[in-house]
$ cat input_19.cif   # mmCIF, C-alpha atoms
data_my_file
#
loop_
_atom_site.label_atom_id
_atom_site.label_comp_id
_atom_site.auth_asym_id
_atom_site.auth_seq_id
_atom_site.Cartn_x
_atom_site.Cartn_y
_atom_site.Cartn_z
CA MET A 185 -62.92 99.69 -50.42
CA TRP A 186 -65.04 102.77 -50.03
CA ALA A 187 -63.41 105.69 -48.25
CA THR A 188 -65.37 107.31 -45.44
CA THR A 189 -64.64 110.76 -44.05
CA THR A 190 -64.91 110.72 -40.27
CA CYS A 191 -65.29 113.38 -37.61
CA PHE A 192 -64.28 112.80 -34.01
CA SER A 193 -66.33 114.39 -31.23
CA ILE A 194 -65.40 114.09 -27.56
CA THR A 195 -68.10 115.10 -25.13
CA SER A 196 -67.11 117.48 -22.37
CA ALA A 197 -66.51 115.96 -18.95
CA THR A 198 -69.27 118.16 -17.55
CA THR A 199 -71.94 116.47 -19.66
CA SER A 200 -74.31 114.30 -17.69
CA PRO A 201 -73.31 110.63 -17.66
CA ARG A 202 -74.97 108.18 -20.00
CA SER A 203 -75.04 104.40 -20.08
CA ASP A 204 -71.72 102.52 -20.41
CA VAL A 205 -72.45 101.50 -23.99
CA SER A 206 -73.47 105.01 -24.98
CA SER A 207 -70.38 106.41 -23.29
CA GLN A 208 -68.10 104.05 -25.24
CA ARG A 209 -69.83 104.91 -28.50
CA ARG A 210 -69.01 108.57 -28.08
CA PHE A 211 -65.32 107.74 -28.83
CA LEU A 212 -66.05 105.78 -31.99
CA PRO A 213 -65.52 107.64 -35.30
CA ARG A 214 -68.76 109.01 -36.67
CA PRO A 215 -69.26 110.03 -40.29
CA CYS A 216 -69.66 113.72 -40.95
CA ALA A 217 -72.98 114.69 -42.41
CA ALA A 218 -71.63 115.22 -45.92
CA ALA A 219 -69.80 111.95 -45.91
CA ALA A 220 -72.77 110.10 -44.48
CA ARG A 221 -74.97 111.21 -47.34
CA SER A 222 -72.49 110.02 -49.99
CA SER A 223 -71.35 106.83 -48.30
CA PRO A 224 -72.97 103.48 -49.13
CA LEU A 225 -72.42 102.53 -45.50
CA ARG A 226 -75.14 103.45 -43.07
CA SER A 227 -74.09 106.14 -40.63
CA THR A 228 -75.32 104.39 -37.51
CA ASP A 229 -73.23 103.27 -34.59
CA ASN A 230 -74.19 99.66 -35.17
CA SER A 231 -73.02 99.77 -38.78
CA TYR A 232 -69.63 101.06 -37.66
CA LEU A 233 -69.27 98.40 -35.02
CA SER A 234 -70.11 95.79 -37.63
CA TYR A 235 -67.70 97.37 -40.11
CA GLY A 236 -64.93 97.37 -37.49
CA LYS A 237 -65.46 93.68 -36.78
CA ARG A 238 -65.33 92.83 -40.48
CA SER A 239 -62.07 94.80 -40.84
CA LEU A 240 -60.55 92.96 -37.88
CA VAL A 241 -61.48 89.58 -39.37
CA LEU A 242 -60.11 90.59 -42.79
CA SER A 243 -56.82 91.78 -41.26
CA THR A 244 -56.44 88.51 -39.37
CA VAL A 245 -57.06 86.43 -42.49
CA LEU A 246 -54.59 88.50 -44.53
CA SER A 247 -51.94 88.10 -41.84
CA LEU A 248 -52.33 84.32 -41.90
CA VAL A 249 -52.17 84.20 -45.70
CA LEU A 250 -49.17 86.52 -46.03
CA ALA A 251 -47.25 84.51 -43.45
CA HIS A 252 -47.06 81.70 -46.00
CA VAL A 253 -46.15 83.83 -49.04
CA PRO A 254 -42.46 83.36 -49.99
CA ILE A 255 -40.49 86.62 -49.88
CA ALA A 256 -37.39 87.20 -52.04
CA ASN A 257 -34.15 87.06 -50.09
CA ALA A 258 -32.70 90.57 -50.08
CA SER A 259 -29.34 89.41 -48.77
CA GLU A 260 -28.00 87.64 -51.86
CA PRO A 261 -24.20 87.48 -51.54
CA ASN A 262 -22.37 90.31 -53.23
CA GLU A 263 -19.86 88.80 -55.65
CA LEU A 264 -17.11 91.30 -54.90
CA LEU A 265 -17.61 90.90 -51.16
CA VAL A 266 -17.29 87.13 -51.47
CA ILE A 267 -13.94 87.56 -53.26
CA GLN A 268 -12.73 90.11 -50.71
CA ASN A 269 -13.63 87.85 -47.80
CA GLY A 270 -11.91 84.91 -49.45
CA VAL A 271 -8.75 86.96 -49.90
CA LYS A 272 -8.85 88.28 -46.34
CA SER A 273 -9.01 84.72 -45.01
CA VAL A 274 -5.54 83.95 -46.43
CA LEU A 275 -3.86 87.36 -46.48
CA SER A 276 -1.43 88.74 -43.91
CA LYS A 277 0.88 91.74 -43.84
CA ALA A 278 3.84 89.42 -44.34
CA LYS A 279 2.29 88.21 -47.61
CA ALA A 280 1.10 91.62 -48.83
CA ALA A 281 4.22 92.63 -50.78
CA GLY A 282 4.31 89.33 -52.68
CA ILE A 283 0.63 89.65 -53.60
CA LEU A 284 1.15 93.22 -54.83
CA ARG A 285 4.15 92.11 -56.89
CA LEU A 286 1.94 89.43 -58.44
CA VAL A 287 -0.46 92.15 -59.61
CA PHE A 288 2.30 94.15 -61.28
CA HIS A 289 3.77 91.11 -63.02
CA ASP A 290 0.40 90.00 -64.39
CA ALA A 291 -0.75 93.45 -65.55
CA GLY A 292 2.71 94.72 -66.51
CA THR A 293 2.92 92.64 -69.69
CA PHE A 294 0.49 94.96 -71.49
CA ASP A 295 1.71 96.39 -74.79
CA LEU A 296 -0.16 99.39 -76.16
CA ASP A 297 0.84 98.90 -79.81
CA SER A 298 -0.20 95.26 -80.08
CA LYS A 299 -3.00 95.55 -77.50
CA SER A 300 -1.72 92.34 -75.94
CA GLY A 301 -0.99 91.24 -72.39
CA GLY A 302 -2.30 93.00 -69.33
CA MET A 303 -4.49 91.95 -66.43
CA ASN A 304 -5.62 88.56 -67.68
CA GLY A 305 -4.45 85.96 -65.15
CA SER A 306 -1.79 84.63 -67.53
CA ILE A 307 0.80 84.92 -64.75
CA ILE A 308 -0.13 81.39 -63.64
CA TYR A 309 1.45 80.11 -66.89
CA GLU A 310 4.56 82.30 -66.51
CA LEU A 311 5.90 81.36 -63.09
CA ASP A 312 8.99 79.64 -64.51
CA ARG A 313 10.30 82.88 -66.04
CA PRO A 314 13.30 84.44 -64.25
CA GLU A 315 11.51 87.76 -63.69
CA ASN A 316 8.73 85.93 -61.85
CA ALA A 317 10.96 84.05 -59.43
CA GLY A 318 9.30 83.64 -56.04
CA LEU A 319 5.78 84.45 -57.22
CA SER A 320 4.66 80.81 -57.02
CA LYS A 321 4.34 81.32 -53.25
CA SER A 322 1.84 84.13 -53.75
CA VAL A 323 -0.08 82.06 -56.29
CA LYS A 324 -0.33 79.20 -53.78
CA VAL A 325 -1.72 81.62 -51.20
CA LEU A 326 -4.42 82.74 -53.62
CA GLU A 327 -5.14 79.17 -54.73
CA LYS A 328 -6.45 78.51 -51.23
CA ALA A 329 -8.66 81.60 -51.41
CA LYS A 330 -9.87 80.58 -54.88
CA ARG A 331 -11.01 77.17 -53.61
CA GLU A 332 -12.97 78.79 -50.78
CA ILE A 333 -14.56 81.38 -53.06
CA GLU A 334 -15.55 78.80 -55.66
CA ASN A 335 -17.59 76.95 -53.06
CA ILE A 336 -19.90 79.95 -53.50
CA GLN A 337 -19.20 81.37 -56.97
CA LYS A 338 -16.75 81.28 -59.85
CA VAL A 339 -13.84 83.71 -59.83
CA SER A 340 -11.23 84.35 -62.51
CA TRP A 341 -7.55 84.56 -61.67
CA ALA A 342 -7.47 88.08 -63.08
CA ASP A 343 -10.25 89.26 -60.73
CA LEU A 344 -8.77 87.42 -57.78
CA ILE A 345 -5.31 88.93 -58.25
CA ALA A 346 -6.68 92.44 -58.81
CA VAL A 347 -8.82 92.30 -55.68
CA ALA A 348 -6.03 90.69 -53.64
CA GLY A 349 -3.62 93.50 -54.49
CA ALA A 350 -6.13 96.11 -53.39
CA GLU A 351 -6.73 94.23 -50.14
CA ALA A 352 -2.97 93.99 -49.54
CA VAL A 353 -2.63 97.77 -49.84
CA SER A 354 -5.56 98.38 -47.50
CA LEU A 355 -4.33 95.83 -44.94
CA CYS A 356 -1.01 97.67 -44.66
CA GLY A 357 -2.68 101.02 -44.06
CA GLY A 358 -2.95 102.28 -47.62
CA PRO A 359 -6.00 103.60 -49.45
CA THR A 360 -9.18 101.62 -50.03
CA ILE A 361 -9.30 100.81 -53.73
CA PRO A 362 -12.62 99.96 -55.44
CA ILE A 363 -12.26 97.12 -57.92
CA ARG A 364 -14.54 96.27 -60.81
CA ILE A 365 -14.90 92.52 -61.34
CA GLY A 366 -15.82 90.48 -64.40
CA ARG A 367 -12.40 89.90 -66.01
CA VAL A 368 -11.93 86.88 -68.23
CA ASP A 369 -8.77 84.79 -67.90
CA SER A 370 -6.36 84.13 -70.72
CA SER A 371 -5.77 80.48 -71.60
CA ILE A 372 -2.19 81.08 -72.78
CA PRO A 373 0.87 82.89 -71.41
CA ASP A 374 1.67 86.43 -72.48
CA ALA A 375 4.69 87.12 -74.64
CA PRO A 376 7.97 87.17 -72.67
CA GLY A 377 10.17 90.20 -72.19
CA LYS A 378 7.35 92.69 -71.58
CA LEU A 379 8.08 93.61 -67.97
CA PRO A 380 10.37 96.58 -67.21
CA GLU A 381 13.80 95.43 -66.08
CA GLU A 382 15.10 96.40 -62.66
CA THR A 383 18.29 97.85 -64.15
CA LEU A 384 16.65 100.42 -66.46
CA ASP A 385 17.51 104.10 -66.03
CA ALA A 386 14.79 106.73 -65.72
CA SER A 387 14.59 107.52 -69.44
CA ALA A 388 14.18 103.85 -70.35
CA LEU A 389 11.61 103.37 -67.59
CA LYS A 390 9.55 106.29 -68.87
CA ARG A 391 9.61 104.90 -72.41
CA CYS A 392 8.63 101.46 -71.15
CA PHE A 393 5.65 102.83 -69.23
CA GLN A 394 4.61 105.05 -72.13
CA ASN A 395 4.47 101.92 -74.30
CA LYS A 396 1.96 100.58 -71.80
CA GLY A 397 -0.13 103.76 -71.77
CA PHE A 398 1.18 105.19 -68.48
CA SER A 399 2.56 108.66 -67.80
CA THR A 400 5.67 109.61 -65.85
CA GLN A 401 3.47 110.58 -62.91
CA GLU A 402 1.84 107.13 -62.97
CA LEU A 403 5.27 105.48 -63.19
CA VAL A 404 6.39 107.31 -60.05
CA VAL A 405 3.23 106.78 -58.03
CA LEU A 406 3.03 103.06 -58.86
CA SER A 407 6.70 102.69 -57.88
CA GLY A 408 5.56 103.79 -54.43
CA ALA A 409 4.25 100.25 -53.95
CA HIS A 410 7.85 99.37 -53.04
CA THR A 411 7.19 101.06 -49.70
CA ILE A 412 6.11 97.61 -48.44
CA GLY A 413 8.25 94.51 -48.60
CA ASN A 414 11.96 93.92 -48.16
CA LYS A 415 13.25 96.79 -50.30
CA GLY A 416 14.48 98.61 -47.18
CA PHE A 417 12.04 101.53 -47.11
CA LYS A 418 11.27 101.82 -43.38
CA ASP A 419 8.56 99.47 -42.04
CA PRO A 420 8.02 96.63 -44.56
CA PHE A 421 4.42 96.15 -43.42
CA VAL A 422 3.24 99.77 -43.62
CA PHE A 423 1.96 101.35 -46.83
CA ASP A 424 2.85 105.04 -46.62
CA ASN A 425 4.99 107.65 -48.37
CA SER A 426 8.28 106.59 -46.73
CA TYR A 427 9.48 105.35 -50.12
CA PHE A 428 9.57 108.88 -51.52
CA LYS A 429 11.12 110.39 -48.41
CA MET A 430 13.96 107.89 -48.50
CA LEU A 431 14.54 108.40 -52.22
CA LEU A 432 15.19 112.06 -51.47
CA GLU A 433 17.69 111.11 -48.76
CA LYS A 434 19.64 108.86 -51.17
CA PRO A 435 20.92 106.57 -48.41
CA TRP A 436 22.67 104.35 -50.97
CA THR A 437 25.27 107.09 -51.45
CA SER A 438 26.55 106.69 -47.89
CA ALA A 439 29.56 104.60 -46.94
CA SER A 440 27.37 102.05 -45.15
CA GLY A 441 27.17 98.74 -46.94
CA MET A 442 23.60 98.21 -45.70
CA SER A 443 22.47 101.43 -47.38
CA ASN A 444 23.30 99.93 -50.75
CA MET A 445 20.57 97.35 -50.15
CA ILE A 446 17.81 99.97 -50.13
CA GLY A 447 15.63 99.87 -53.21
CA LEU A 448 16.21 98.56 -56.71
CA PRO A 449 18.46 100.23 -59.28
CA SER A 450 15.28 101.40 -61.03
CA ASP A 451 14.10 103.07 -57.78
CA ARG A 452 17.37 104.95 -57.44
CA ALA A 453 17.23 106.01 -61.08
CA LEU A 454 13.95 107.87 -60.58
CA VAL A 455 15.43 110.46 -58.25
CA GLU A 456 18.07 111.37 -60.85
CA ASP A 457 15.43 112.44 -63.39
CA ASP A 458 14.05 115.98 -63.08
CA GLU A 459 10.51 115.07 -64.16
CA CYS A 460 10.36 112.09 -61.82
CA LEU A 461 11.94 114.12 -59.03
CA ARG A 462 9.10 116.66 -59.11
CA TRP A 463 6.59 113.89 -58.40
CA ILE A 464 8.81 112.31 -55.76
CA ASN A 465 8.91 115.65 -53.93
CA THR A 466 5.13 115.97 -54.23
CA TYR A 467 4.42 112.56 -52.73
CA ALA A 468 7.11 112.87 -50.05
CA GLY A 469 5.33 115.98 -48.78
CA ASP A 470 1.72 114.86 -49.21
CA GLN A 471 0.77 111.32 -48.27
CA LEU A 472 -2.94 111.86 -48.97
CA LYS A 473 -2.17 112.88 -52.54
CA PHE A 474 0.03 109.82 -52.89
CA PHE A 475 -2.86 107.64 -51.70
CA ASP A 476 -5.36 109.29 -54.05
CA ASP A 477 -3.08 109.09 -57.07
CA PHE A 478 -1.98 105.54 -56.28
CA LYS A 479 -5.61 104.45 -56.08
CA ASP A 480 -6.34 105.92 -59.53
CA ALA A 481 -3.20 104.45 -61.09
CA TYR A 482 -3.85 101.02 -59.56
CA ILE A 483 -7.39 100.94 -60.96
CA LYS A 484 -6.00 101.83 -64.38
CA LEU A 485 -3.31 99.16 -64.05
CA VAL A 486 -5.68 96.30 -63.19
CA ASN A 487 -8.11 97.30 -65.95
CA THR A 488 -5.42 97.62 -68.63
CA GLY A 489 -5.63 94.87 -71.21
CA ALA A 490 -8.47 93.13 -69.39
CA SER A 491 -11.17 91.25 -71.26
CA TRP A 492 -14.58 91.50 -69.62
CA GLN A 493 -17.53 89.18 -69.33
CA SER A 494 -20.42 90.20 -71.56
CA SER A 495 -23.30 91.65 -69.56
#

$ encode --input "input_19.cif" --output "structure tokens"
Amino acid sequence: MWATTTCFSITSATTSPRSDVSSQRRFLPRPCAAAARSSPLRSTDNSYLSYGKRSLVLSTVLSLVLAHVPIANASEPNELLVIQNGVKSVLSKAKAAGILRLVFHDAGTFDLDSKSGGMNGSIIYELDRPENAGLSKSVKVLEKAKREIENIQKVSWADLIAVAGAEAVSLCGGPTIPIRIGRVDSSIPDAPGKLPEETLDASALKRCFQNKGFSTQELVVLSGAHTIGNKGFKDPFVFDNSYFKMLLEKPWTSASGMSNMIGLPSDRALVEDDECLRWINTYAGDQLKFFDDFKDAYIKLVNTGASWQSS
């Protein structure tokens, strides 16, 4: 369409009145002299009225045509959001600790030397092992979520468990943890005997985690997950730094029989190690740092040993 430069001229109110039509035409855009000479349109009032009518008709036709043109749906479901919503529909604070334990027992089989195990969903084949006692309840909870999600899209066990653990932490007041999805499930169980035992001392725990590619700092911060659940660290439904504060108090050394029920032997061992103790002190005094470091360590944990869908 040809472009036309227009000038607008409004006659002063003191000008003598003209006919109604002439008065209306004074407020129509008129081409400037230079534009009028170069424009293929005639610079008369009638030509502009005709041009305006044609534009109105064209706009109306285009509106009718475009109303029937299919437009792409911009609200396609986000795959991660679908998984998160499915998990939220079955998750409660009472179930959060069991879900988080499921994450650790699936990912915790990773072995750095053999590059085997890790976050691969193989836990569903390993529920009869003594170290996984009680985890079948958490799997059943997620089975319900998996059925709901798969009415919309496919989801691997590895992705579902990783996302569920992050949602459990958030539900109990912990940090929001971003999770990458696209993990591929294993079709066989991981080798037995790869999880750290609850009775290990600090030196053995550090060696075990090093064999999985984790530092002492990551060992300590991930152990902070025991702040929820029935380990005896304050409120079992609140994810905070109470775990580290209570480790420093060493309540199990008191004469009270109930105090001996706080934590696992491996939890108590951490506070007896100087390197671990430095991190325990750090997190006991700075909950935000605990949250930040836990988020990073959790992401590393659920990505360790994972196989990913090809893009």

$ residues_around --input "input_19.cif" --residues "Ala346 of chain A" --least-positions-apart "3" --cutoff "9 Å" --atoms "only C-alpha atoms" --output "ChimeraX atom specification"
/A:284,287,303,341-343,349-351,363-365,483,486-487

$ closest_residue --input "input_19.cif" --among "A:Lys338, A:Lys324, A:Arg313, A:Arg331" --to "Pro373 of chain A" --atoms "only C-alpha atoms"
A:Arg313

$ resolve_selection --input "input_19.cif" --expression "the PyMOL selection byres ((chain A and resi 474) around 12)" --output "PyMOL selection string"
chain A and resi 358-359+401-402+404-409+411+423-429+463-473+475-482

$ write_last_selection --input "input_19.cif" --atoms "C-alpha atoms" --output "PDB file, keeping the file's coordinate frame"
ATOM      1  CA  GLY A 358      -2.950 102.280 -47.620  1.00  0.00           C
ATOM      2  CA  PRO A 359      -6.000 103.600 -49.450  1.00  0.00           C
ATOM      3  CA  GLN A 401       3.470 110.580 -62.910  1.00  0.00           C
ATOM      4  CA  GLU A 402       1.840 107.130 -62.970  1.00  0.00           C
ATOM      5  CA  VAL A 404       6.390 107.310 -60.050  1.00  0.00           C
ATOM      6  CA  VAL A 405       3.230 106.780 -58.030  1.00  0.00           C
ATOM      7  CA  LEU A 406       3.030 103.060 -58.860  1.00  0.00           C
ATOM      8  CA  SER A 407       6.700 102.690 -57.880  1.00  0.00           C
ATOM      9  CA  GLY A 408       5.560 103.790 -54.430  1.00  0.00           C
ATOM     10  CA  ALA A 409       4.250 100.250 -53.950  1.00  0.00           C
ATOM     11  CA  THR A 411       7.190 101.060 -49.700  1.00  0.00           C
ATOM     12  CA  PHE A 423       1.960 101.350 -46.830  1.00  0.00           C
ATOM     13  CA  ASP A 424       2.850 105.040 -46.620  1.00  0.00           C
ATOM     14  CA  ASN A 425       4.990 107.650 -48.370  1.00  0.00           C
ATOM     15  CA  SER A 426       8.280 106.590 -46.730  1.00  0.00           C
ATOM     16  CA  TYR A 427       9.480 105.350 -50.120  1.00  0.00           C
ATOM     17  CA  PHE A 428       9.570 108.880 -51.520  1.00  0.00           C
ATOM     18  CA  LYS A 429      11.120 110.390 -48.410  1.00  0.00           C
ATOM     19  CA  TRP A 463       6.590 113.890 -58.400  1.00  0.00           C
ATOM     20  CA  ILE A 464       8.810 112.310 -55.760  1.00  0.00           C
ATOM     21  CA  ASN A 465       8.910 115.650 -53.930  1.00  0.00           C
ATOM     22  CA  THR A 466       5.130 115.970 -54.230  1.00  0.00           C
ATOM     23  CA  TYR A 467       4.420 112.560 -52.730  1.00  0.00           C
ATOM     24  CA  ALA A 468       7.110 112.870 -50.050  1.00  0.00           C
ATOM     25  CA  GLY A 469       5.330 115.980 -48.780  1.00  0.00           C
ATOM     26  CA  ASP A 470       1.720 114.860 -49.210  1.00  0.00           C
ATOM     27  CA  GLN A 471       0.770 111.320 -48.270  1.00  0.00           C
ATOM     28  CA  LEU A 472      -2.940 111.860 -48.970  1.00  0.00           C
ATOM     29  CA  LYS A 473      -2.170 112.880 -52.540  1.00  0.00           C
ATOM     30  CA  PHE A 475      -2.860 107.640 -51.700  1.00  0.00           C
ATOM     31  CA  ASP A 476      -5.360 109.290 -54.050  1.00  0.00           C
ATOM     32  CA  ASP A 477      -3.080 109.090 -57.070  1.00  0.00           C
ATOM     33  CA  PHE A 478      -1.980 105.540 -56.280  1.00  0.00           C
ATOM     34  CA  LYS A 479      -5.610 104.450 -56.080  1.00  0.00           C
ATOM     35  CA  ASP A 480      -6.340 105.920 -59.530  1.00  0.00           C
ATOM     36  CA  ALA A 481      -3.200 104.450 -61.090  1.00  0.00           C
ATOM     37  CA  TYR A 482      -3.850 101.020 -59.560  1.00  0.00           C
TER      38      TYR A 482
END

$ closest_residue --input "input_19.cif" --among "A:Glu327, A:Asp374, A:Glu263, A:Asp290" --to "Leu485 of chain A" --atoms "only C-alpha atoms"
A:Asp290

$ axis_aligned_box --input "input_19.cif" --around "segment 455-464 of chain A" --padding-each-side "3 Å" --output "JSON"
{"center_x": 12.3, "center_y": 113.6, "center_z": -60.0, "size_x": 17.5, "size_y": 12.2, "size_z": 14.4}

$ atom_distance --input "input_19.cif" --atom1 "atom CA of Lys390 of chain A" --atom2 "atom CA of Arg285 of chain A"
19.3 Å

$ closest_residue --input "input_19.cif" --among "A:Gly270, A:Gly357, A:Gly292, A:Gly366" --to "Ser306 of chain A" --atoms "all atoms listed in the file"
A:Gly292

$ closest_residue --input "input_19.cif" --among "A:Gln394, A:Asn414, A:Asn304, A:Asn262" --to "Leu344 of chain A" --atoms "only C-alpha atoms"
A:Asn304

$ residues_near_point --input "input_19.cif" --point "(10.4, 96.0, -61.4)" --cutoff "9 Å" --atoms "only C-alpha atoms" --output "JSON, numbers by chain"
{"A": [285, 288, 289, 315, 379, 380, 381, 382, 383, 407, 448, 450, 451]}

$ closest_residue --input "input_19.cif" --among "A:Leu403, A:Ala375, A:Ile283, A:Ala386" --to "Leu319 of chain A" --atoms "only C-alpha atoms"
A:Ile283

$ atom_distance --input "input_19.cif" --atom1 "atom CA of Val347 of chain A" --atom2 "atom CA of Val271 of chain A"
7.9 Å

$ closest_residue --input "input_19.cif" --among "A:Ser399, A:Leu432, A:Ser438, A:Lys378" --to "Asp295 of chain A" --atoms "all atoms listed in the file"
A:Lys378

$ atom_distance --input "input_19.cif" --atom1 "atom CA of Ser273 of chain A" --atom2 "atom CA of Val422 of chain A"
19.5 Å

$ resolve_selection --input "input_19.cif" --expression "the PyMOL selection byres ((chain A and resi 415) around 8)" --output "PDB file with C-alpha atoms, in the frame of the given file"
ATOM      1  CA  HIS A 410       7.850  99.370 -53.040  1.00  0.00           C
ATOM      2  CA  THR A 411       7.190 101.060 -49.700  1.00  0.00           C
ATOM      3  CA  ILE A 412       6.110  97.610 -48.440  1.00  0.00           C
ATOM      4  CA  GLY A 413       8.250  94.510 -48.600  1.00  0.00           C
ATOM      5  CA  ASN A 414      11.960  93.920 -48.160  1.00  0.00           C
ATOM      6  CA  GLY A 416      14.480  98.610 -47.180  1.00  0.00           C
ATOM      7  CA  PHE A 417      12.040 101.530 -47.110  1.00  0.00           C
ATOM      8  CA  PRO A 420       8.020  96.630 -44.560  1.00  0.00           C
ATOM      9  CA  MET A 445      20.570  97.350 -50.150  1.00  0.00           C
ATOM     10  CA  ILE A 446      17.810  99.970 -50.130  1.00  0.00           C
ATOM     11  CA  GLY A 447      15.630  99.870 -53.210  1.00  0.00           C
ATOM     12  CA  LEU A 448      16.210  98.560 -56.710  1.00  0.00           C
TER      13      LEU A 448
END
